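Colleague: My file is protein-v9.cif. It has mmCIF, C-alpha atoms and all ligand atoms:
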```
data_entry
#
loop_
_atom_site.group_PDB
_atom_site.id
_atom_site.type_symbol
_atom_site.label_atom_id
_atom_site.label_comp_id
_atom_site.auth_asym_id
_atom_site.auth_seq_id
_atom_site.Cartn_x
_atom_site.Cartn_y
_atom_site.Cartn_z
ATOM 1 C CA MET A 1 -5.465 8.868 -13.049
ATOM 2 C CA ARG A 2 -7.311 11.623 -11.290
ATOM 3 C CA ASP A 3 -5.198 14.016 -9.295
ATOM 4 C CA ARG A 4 -6.484 13.799 -5.747
ATOM 5 C CA THR A 5 -5.406 15.857 -2.804
ATOM 6 C CA CYS A 6 -5.657 14.713 0.788
ATOM 7 C CA HIS A 7 -7.205 16.657 3.661
ATOM 8 C CA CYS A 8 -3.933 18.383 4.485
ATOM 9 C CA GLY A 9 -3.023 19.188 0.892
ATOM 10 C CA HIS A 10 -0.632 16.438 -0.145
ATOM 11 C CA ARG A 11 -0.676 14.756 -3.493
ATOM 12 C CA LEU A 12 0.687 11.626 -5.087
ATOM 13 C CA GLY A 13 4.470 11.938 -5.193
ATOM 14 C CA ASP A 14 4.743 14.074 -2.069
ATOM 15 C CA ALA A 15 6.962 12.822 0.751
ATOM 16 C CA ALA A 16 3.955 12.573 3.050
ATOM 17 C CA ILE A 17 2.301 10.062 0.730
ATOM 18 C CA GLN A 18 3.369 6.528 1.504
ATOM 19 C CA GLU A 19 2.871 3.271 -0.315
ATOM 20 C CA GLU A 20 0.915 0.837 1.807
ATOM 21 C CA PRO A 21 0.149 -2.711 0.763
ATOM 22 C CA GLU A 22 -3.506 -3.619 1.182
ATOM 23 C CA TYR A 23 -4.393 -7.263 1.701
ATOM 24 C CA THR A 24 -7.553 -9.216 1.253
ATOM 25 C CA THR A 25 -9.159 -10.935 4.258
ATOM 26 C CA TRP A 26 -7.361 -14.131 3.294
ATOM 27 C CA GLY A 27 -4.145 -12.164 3.004
ATOM 28 C CA TRP A 28 -4.530 -10.938 6.567
ATOM 29 C CA ILE A 29 -5.119 -14.504 7.767
ATOM 30 C CA MET A 30 -1.933 -15.642 6.051
ATOM 31 C CA LEU A 31 -0.045 -12.689 7.468
ATOM 32 C CA SER A 32 -1.226 -12.876 11.073
ATOM 33 C CA MET A 33 -1.907 -16.571 11.647
ATOM 34 C CA LEU A 34 0.428 -18.373 9.277
ATOM 35 C CA GLY A 35 3.274 -15.876 9.292
ATOM 36 C CA MET A 36 3.389 -15.861 5.510
ATOM 37 C CA THR A 37 3.769 -12.804 3.333
ATOM 38 C CA PRO A 38 0.934 -12.738 0.864
ATOM 39 C CA ARG A 39 1.074 -10.672 -2.274
ATOM 40 C CA PRO A 40 -0.892 -7.485 -1.603
ATOM 41 C CA HIS A 41 -4.218 -7.045 -3.344
ATOM 42 C CA HIS A 42 -3.214 -3.539 -4.300
ATOM 43 C CA ILE A 43 -1.013 -0.689 -3.165
ATOM 44 C CA SER A 44 -2.613 2.290 -1.482
ATOM 45 C CA PHE A 45 -1.026 5.687 -1.664
ATOM 46 C CA ARG A 46 -1.936 7.134 1.681
ATOM 47 C CA CYS A 47 -1.035 10.328 3.515
ATOM 48 C CA PHE A 48 0.642 9.398 6.784
ATOM 49 C CA LEU A 49 -0.620 12.562 8.436
ATOM 50 C CA CYS A 50 -4.348 12.372 7.789
ATOM 51 C CA ARG A 51 -4.520 8.734 6.581
ATOM 52 C CA MET A 52 -6.467 9.694 3.500
ATOM 53 C CA GLU A 53 -5.910 7.568 0.439
ATOM 54 C CA VAL A 54 -5.071 9.605 -2.638
ATOM 55 C CA GLY A 55 -4.588 6.752 -5.072
ATOM 56 C CA GLN A 56 -4.257 3.043 -5.698
ATOM 57 C CA SER A 57 -2.104 0.861 -7.890
ATOM 58 C CA ARG A 58 -2.387 -2.729 -9.000
ATOM 59 C CA ASP A 59 0.912 -2.639 -10.890
ATOM 60 C CA PRO A 60 2.291 -6.211 -10.663
ATOM 61 C CA LYS A 61 5.849 -4.925 -10.364
ATOM 62 C CA LEU A 62 4.887 -2.797 -7.376
ATOM 63 C CA LEU A 63 2.997 -5.669 -5.751
ATOM 64 C CA ALA A 64 5.918 -8.050 -6.227
ATOM 65 C CA ARG A 65 8.277 -5.547 -4.693
ATOM 66 C CA ARG A 66 6.058 -5.188 -1.623
ATOM 67 C CA SER A 67 5.675 -8.906 -1.079
ATOM 68 C CA ALA A 68 9.405 -9.563 -1.596
ATOM 69 C CA ARG A 69 10.599 -6.911 0.806
ATOM 70 C CA SER A 70 9.821 -8.652 4.068
ATOM 71 C CA THR A 71 11.266 -11.979 2.929
ATOM 72 C CA ALA A 72 14.492 -10.454 1.606
ATOM 73 C CA ALA A 73 15.688 -9.480 5.081
HETATM 74 ZN ZN ZN B 101 -2.940 14.414 4.421
#
```
Could you render the structure from this file as structure tokens?
Modeller:
Amino acid sequence: MRDRTCHCGHRLGDAAIQEEPEYTTWGWIMLSMLGMTPRPHHISFRCFLCRMEVGQSRDPKLLARRSARSTAA
């Protein structure tokens, strides 16, 4: 994986970089209209300060964790 730095200088692994699930169009429909929690298409690693994406992951374990989180509560 290429080591990318965001606009304000953060990198993968920094506290400012957050994991955000990204859904497909169908995923958004399920989420907003049907109230279901679809499995994310991939995980984006995004800086919460400048919103720049510094990486992506399609690790099934990571995706499962993201889709399970909202149903576990
Ligand atoms: Zn940034």
Colleague: Counting all atoms listed in the file, which residues sit no farther than 6 Å from the position (2.2, 1.5, -0.2) in the file's frame? I'd like them as a list in words.
Modeller: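 Output: Gln18, Glu19, Glu20, Pro21, Ile43, Ser44 and Phe45 of chain A.
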Colleague: At a cut-off of 6 Å and counting only C-alpha atoms and all ligand atoms, what residues surround ligand ZN 101 (chain B)? Please answer as a list in words.
Modeller: Cys6, His7, Cys8, Gly9, His10, Cys47, Leu49, Cys50 and Met52 of chain A
Colleague: Within 9 Å of stretch 35-39 of chain A, counting only C-alpha atoms, which residues show up once you throw out same-chain ones fewer than 4 positions away? Write them as a PDB file with C-alpha atoms, in the coordinates of the input, please.
Modeller:
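To be explicit, this is the file written out as selection24.pdb:
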```
ATOM      1  CA  PRO A  21       0.149  -2.711   0.763  1.00  0.00           C
ATOM      2  CA  TYR A  23      -4.393  -7.263   1.701  1.00  0.00           C
ATOM      3  CA  TRP A  26      -7.361 -14.131   3.294  1.00  0.00           C
ATOM      4  CA  GLY A  27      -4.145 -12.164   3.004  1.00  0.00           C
ATOM      5  CA  TRP A  28      -4.530 -10.938   6.567  1.00  0.00           C
ATOM      6  CA  ILE A  29      -5.119 -14.504   7.767  1.00  0.00           C
ATOM      7  CA  MET A  30      -1.933 -15.642   6.051  1.00  0.00           C
ATOM      8  CA  LEU A  31      -0.045 -12.689   7.468  1.00  0.00           C
ATOM      9  CA  LEU A  63       2.997  -5.669  -5.751  1.00  0.00           C
ATOM     10  CA  ALA A  64       5.918  -8.050  -6.227  1.00  0.00           C
ATOM     11  CA  ARG A  66       6.058  -5.188  -1.623  1.00  0.00           C
ATOM     12  CA  SER A  67       5.675  -8.906  -1.079  1.00  0.00           C
ATOM     13  CA  ALA A  68       9.405  -9.563  -1.596  1.00  0.00           C
ATOM     14  CA  SER A  70       9.821  -8.652   4.068  1.00  0.00           C
ATOM     15  CA  THR A  71      11.266 -11.979   2.929  1.00  0.00           C
TER      16      THR A  71
END
```
Colleague: Could you please determine the separation between atom CA of A:Gln56 and atom CA of A:Leu12 in Å, to one decimal place?
Modeller: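 Atom CA of A:Gln56 sits 9.9 Å away from atom CA of A:Leu12.
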Colleague: Atom CA of A:Gly55 and atom CA of A:Arg4 are how many Å apart?
Modeller: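 Computing the Euclidean distance for atom CA of A:Gly55 and atom CA of A:Arg4 yields 7.3 Å.
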Colleague: Suppose you want the space between atom CA of A:Arg58 and atom CA of A:Met33; what is it in Å?
Modeller: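 Taking atom CA of A:Arg58 as the start and atom CA of A:Met33 as the end point, the length is 24.9 Å.
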Colleague: Could you check the closest approach to A:Asp59 for each of A:His42, A:Ser32, A:Asp3, A:Ile17 and tell me which residue wins, using only C-alpha atoms?
Modeller: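 The closest residue to A:Asp59 is A:His42.
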